[in-house]
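K.L.:
Mind having a look at this structure? Questions to follow.
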Amino acid sequence: MVVSHLLSPLRTLKTKARAVGKSSSGSIDGWSDGPDDDGGGNGPAGGGTDEAAPGRCMAVGLCLCCGSKVSYPDTVACFRCTVCDTINDLKEVVRTEKVVEDGRLVSRPRRPPPPLTLGRLRAGVQAYKKHPEKHSLLEAMIYESFGSWDVLNVSFPSGTEMSADDPAIAFAEVHSAYKTILALPPPFIRAMMSGIEQVLRRPGRPLKAREDIRYLVIIME
């Protein structure tokens, strides 16, 4: 299933978010365009050109954002669209974190933060107002919540079962959350916009079912 017809209205938002995100501090931007972002160093996100190296088999896929046909080496895990710059992952990206176990530094699958709710956001804002020097904690929470598919896609649950007519989103909470963030100083707004740009640029997995694009409804609100 190609979801480009659902992502198309977000292209302008994506462009604006990228412009804002570039002005944010490096401590917020958790992704880069290096090997980790490009699928193991296989060129520009696994190709995205019509020219194949001698002996290399090429595949053709549709960009999940704009629907453009893009050719890429069939051995890569992701490719970058040459039209809209979206990184299309062909399988789920497993994020890792460094931890110390038995005195050794090891990598393990990263545990995603809890889903964002209006109550959690308001608690973070109250903590920031009491301790402004800890503003980075609130910035990180906002960025992680809006910049991670596995967090945003399950945020603001309404308690109902998702269906074709009901995305199971507490829309009143979403609206209040945006108002709360937009009333904060600029660094927090940049954190949100940088996160949105990140998750639009690279969701980190194929999007095949309607349950996979719940996060888009939250962004478009």
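Letters for chains follow the order of the structure tokens (A, B, ...), residue numbers begin at 1 for each chain, and ligand numbers begin at 1 in the order shown.
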What lies within 6 Å of region 173-187 of chain A using only C-alpha atoms, ignoring chain neighbours under 3 positions off, as a list in words?

P.N.:
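In the requested format, the answer is Leu118, Ala170 and Arg190 of chain A.
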
K.L.:
Mind running region 131-195 of chain A against region 81-100 of chain A at 12 Å and telling me each contacting residue's nearest atom pair with the distance in Å (one decimal), counting only C-alpha atoms, chain and number ascending, as CSV?

P.N.:
```
residue,atom,partner,partner_atom,distance
A:Ser148,CA,A:Arg95,CA,10.4
A:Trp149,CA,A:Val93,CA,10.6
A:Asp150,CA,A:Glu92,CA,10.6
```

K.L.:
Produce a table with one row for each residue of region 179-209 of chain A that has an atom at most 10 Å from any atom of region 61-80 of chain A, each row naming the nearest atom pair and its distance in Å at one decimal; use only C-alpha atoms; arrange rows by chain and rising residue number; format as JSON lines.

P.N.:
```
{"residue": "A:Leu200", "atom": "CA", "partner": "A:Cys65", "partner_atom": "CA", "distance": 8.5}
{"residue": "A:Arg201", "atom": "CA", "partner": "A:Cys65", "partner_atom": "CA", "distance": 8.8}
{"residue": "A:Arg202", "atom": "CA", "partner": "A:Arg80", "partner_atom": "CA", "distance": 9.4}
{"residue": "A:Pro203", "atom": "CA", "partner": "A:Leu64", "partner_atom": "CA", "distance": 9.9}
{"residue": "A:Gly204", "atom": "CA", "partner": "A:Cys78", "partner_atom": "CA", "distance": 9.2}
{"residue": "A:Arg205", "atom": "CA", "partner": "A:Cys78", "partner_atom": "CA", "distance": 9.2}
{"residue": "A:Pro206", "atom": "CA", "partner": "A:Leu64", "partner_atom": "CA", "distance": 8.2}
{"residue": "A:Leu207", "atom": "CA", "partner": "A:Leu64", "partner_atom": "CA", "distance": 7.6}
{"residue": "A:Lys208", "atom": "CA", "partner": "A:Leu64", "partner_atom": "CA", "distance": 9.5}
```

K.L.:
Include all heavy atoms and write out the residues we just selected as a PDB file, in the first residue's frame.

P.N.:
```
ATOM      1  N   LEU A 200       8.691  13.181   9.445  1.00  0.00           N
ATOM      2  CA  LEU A 200       8.196  13.270   8.074  1.00  0.00           C
ATOM      3  C   LEU A 200       9.287  12.879   7.083  1.00  0.00           C
ATOM      4  O   LEU A 200       9.019  12.244   6.060  1.00  0.00           O
ATOM      5  CB  LEU A 200       7.695  14.674   7.768  1.00  0.00           C
ATOM      6  CG  LEU A 200       6.417  15.132   8.482  1.00  0.00           C
ATOM      7  CD1 LEU A 200       6.082  16.569   8.102  1.00  0.00           C
ATOM      8  CD2 LEU A 200       5.245  14.222   8.147  1.00  0.00           C
ATOM      9  N   ARG A 201      10.514  13.278   7.379  1.00  0.00           N
ATOM     10  CA  ARG A 201      11.627  12.965   6.487  1.00  0.00           C
ATOM     11  C   ARG A 201      11.953  11.475   6.504  1.00  0.00           C
ATOM     12  O   ARG A 201      12.315  10.898   5.475  1.00  0.00           O
ATOM     13  CB  ARG A 201      12.866  13.769   6.899  1.00  0.00           C
ATOM     14  CG  ARG A 201      14.076  13.565   6.002  1.00  0.00           C
ATOM     15  CD  ARG A 201      15.163  14.571   6.317  1.00  0.00           C
ATOM     16  NE  ARG A 201      15.696  14.405   7.651  1.00  0.00           N
ATOM     17  CZ  ARG A 201      16.753  13.666   7.952  1.00  0.00           C
ATOM     18  NH1 ARG A 201      17.379  13.003   7.005  1.00  0.00           N
ATOM     19  NH2 ARG A 201      17.191  13.581   9.194  1.00  0.00           N
ATOM     20  N   ARG A 202      11.809  10.868   7.693  1.00  0.00           N
ATOM     21  CA  ARG A 202      12.114   9.448   7.793  1.00  0.00           C
ATOM     22  C   ARG A 202      11.296   8.796   8.906  1.00  0.00           C
ATOM     23  O   ARG A 202      11.715   8.799  10.071  1.00  0.00           O
ATOM     24  CB  ARG A 202      13.605   9.224   8.061  1.00  0.00           C
ATOM     25  CG  ARG A 202      13.979   7.753   8.024  1.00  0.00           C
ATOM     26  CD  ARG A 202      15.470   7.535   8.188  1.00  0.00           C
ATOM     27  NE  ARG A 202      15.806   6.151   7.913  1.00  0.00           N
ATOM     28  CZ  ARG A 202      17.047   5.648   7.965  1.00  0.00           C
ATOM     29  NH1 ARG A 202      18.065   6.433   8.270  1.00  0.00           N
ATOM     30  NH2 ARG A 202      17.264   4.383   7.693  1.00  0.00           N
ATOM     31  N   PRO A 203      10.139   8.234   8.577  1.00  0.00           N
ATOM     32  CA  PRO A 203       9.360   7.548   9.606  1.00  0.00           C
ATOM     33  C   PRO A 203      10.110   6.381  10.242  1.00  0.00           C
ATOM     34  O   PRO A 203       9.885   6.045  11.404  1.00  0.00           O
ATOM     35  CB  PRO A 203       8.128   7.055   8.842  1.00  0.00           C
ATOM     36  CG  PRO A 203       8.024   7.957   7.660  1.00  0.00           C
ATOM     37  CD  PRO A 203       9.435   8.282   7.284  1.00  0.00           C
ATOM     38  N   GLY A 204      10.994   5.744   9.469  1.00  0.00           N
ATOM     39  CA  GLY A 204      11.798   4.664  10.027  1.00  0.00           C
ATOM     40  C   GLY A 204      11.244   3.275   9.813  1.00  0.00           C
ATOM     41  O   GLY A 204      11.739   2.317  10.411  1.00  0.00           O
ATOM     42  N   ARG A 205      10.253   3.145   8.931  1.00  0.00           N
ATOM     43  CA  ARG A 205       9.655   1.837   8.639  1.00  0.00           C
ATOM     44  C   ARG A 205       8.751   1.973   7.432  1.00  0.00           C
ATOM     45  O   ARG A 205       8.324   3.076   7.087  1.00  0.00           O
ATOM     46  CB  ARG A 205       8.836   1.342   9.829  1.00  0.00           C
ATOM     47  CG  ARG A 205       7.587   2.182  10.104  1.00  0.00           C
ATOM     48  CD  ARG A 205       6.940   1.812  11.400  1.00  0.00           C
ATOM     49  NE  ARG A 205       7.868   1.990  12.496  1.00  0.00           N
ATOM     50  CZ  ARG A 205       8.038   1.100  13.481  1.00  0.00           C
ATOM     51  NH1 ARG A 205       7.331  -0.014  13.475  1.00  0.00           N
ATOM     52  NH2 ARG A 205       8.899   1.315  14.440  1.00  0.00           N
ATOM     53  N   PRO A 206       8.417   0.875   6.774  1.00  0.00           N
ATOM     54  CA  PRO A 206       7.411   0.940   5.717  1.00  0.00           C
ATOM     55  C   PRO A 206       6.051   1.286   6.332  1.00  0.00           C
ATOM     56  O   PRO A 206       5.742   0.877   7.445  1.00  0.00           O
ATOM     57  CB  PRO A 206       7.412  -0.486   5.138  1.00  0.00           C
ATOM     58  CG  PRO A 206       8.687  -1.100   5.600  1.00  0.00           C
ATOM     59  CD  PRO A 206       8.991  -0.479   6.920  1.00  0.00           C
ATOM     60  N   LEU A 207       5.248   2.036   5.601  1.00  0.00           N
ATOM     61  CA  LEU A 207       3.903   2.402   6.059  1.00  0.00           C
ATOM     62  C   LEU A 207       2.899   1.693   5.159  1.00  0.00           C
ATOM     63  O   LEU A 207       2.678   2.106   4.030  1.00  0.00           O
ATOM     64  CB  LEU A 207       3.714   3.923   6.001  1.00  0.00           C
ATOM     65  CG  LEU A 207       4.745   4.754   6.779  1.00  0.00           C
ATOM     66  CD1 LEU A 207       4.490   6.234   6.579  1.00  0.00           C
ATOM     67  CD2 LEU A 207       4.744   4.387   8.250  1.00  0.00           C
ATOM     68  N   LYS A 208       2.292   0.641   5.663  1.00  0.00           N
ATOM     69  CA  LYS A 208       1.446  -0.206   4.821  1.00  0.00           C
ATOM     70  C   LYS A 208       0.000  -0.290   5.290  1.00  0.00           C
ATOM     71  O   LYS A 208      -0.882  -0.626   4.510  1.00  0.00           O
ATOM     72  CB  LYS A 208       2.036  -1.621   4.750  1.00  0.00           C
ATOM     73  CG  LYS A 208       3.416  -1.677   4.097  1.00  0.00           C
ATOM     74  CD  LYS A 208       3.929  -3.105   4.005  1.00  0.00           C
ATOM     75  CE  LYS A 208       5.285  -3.163   3.313  1.00  0.00           C
ATOM     76  NZ  LYS A 208       5.799  -4.558   3.217  1.00  0.00           N
TER      77      LYS A 208
END
```

K.L.:
Pick out each residue of region 129-219 of chain A that DSSP on the backbone tags as alpha helix (DSSP H); I need them as a ChimeraX atom specification.

P.N.:
/A:129-130,135-147,149-152,171-182,186-201,214-219

K.L.:
Can you list, as a short mmCIF file (atom, residue, chain, number, x, y, z; two decimals) with C-alpha atoms, in the first residue's frame, every protein, DNA or RNA residue that comes within 12 Å of Glu144 (chain A) when you count only C-alpha atoms, leaving out same-chain residues fewer than 2 positions away?

P.N.:
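Contents of out_13.cif, freshly written:
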```
data_model
loop_
_atom_site.label_atom_id
_atom_site.label_comp_id
_atom_site.auth_asym_id
_atom_site.auth_seq_id
_atom_site.Cartn_x
_atom_site.Cartn_y
_atom_site.Cartn_z
CA SER A 27 21.66 18.86 21.04
CA ILE A 28 18.10 18.44 19.80
CA ASP A 29 18.84 16.97 16.37
CA GLY A 30 19.26 13.27 17.06
CA TRP A 31 19.69 12.21 13.45
CA ARG A 111 13.29 1.60 24.64
CA PRO A 112 11.04 4.33 23.25
CA PRO A 113 9.79 7.03 25.63
CA PRO A 114 6.18 6.73 26.83
CA PRO A 115 3.41 8.07 24.57
CA LEU A 116 2.75 11.79 24.78
CA SER A 136 16.64 20.74 28.22
CA LEU A 137 14.52 17.97 29.76
CA LEU A 138 11.32 19.49 28.38
CA GLU A 139 12.95 20.20 25.01
CA ALA A 140 14.09 16.58 24.78
CA MET A 141 10.64 15.26 25.71
CA ILE A 142 8.95 17.38 23.06
CA PHE A 146 7.15 14.44 17.88
CA GLY A 147 10.27 13.08 16.21
CA SER A 148 9.80 9.35 16.84
CA TRP A 149 7.22 7.33 14.93
CA ASP A 150 7.01 4.72 17.67
CA VAL A 151 6.08 7.44 20.19
CA LEU A 152 3.89 9.81 18.19
CA SER A 155 0.23 9.28 21.53
CA PHE A 188 10.50 24.47 22.66
CA ALA A 191 12.09 21.25 19.27
CA MET A 192 8.58 20.34 18.14
CA MET A 193 9.14 21.49 14.56
CA SER A 194 12.48 19.69 14.37
CA GLY A 195 10.82 16.52 15.58
CA ILE A 196 8.01 16.82 13.05
CA GLU A 197 10.51 17.41 10.25
CA GLN A 198 12.45 14.33 11.34
CA VAL A 199 9.50 11.96 11.42
#
```
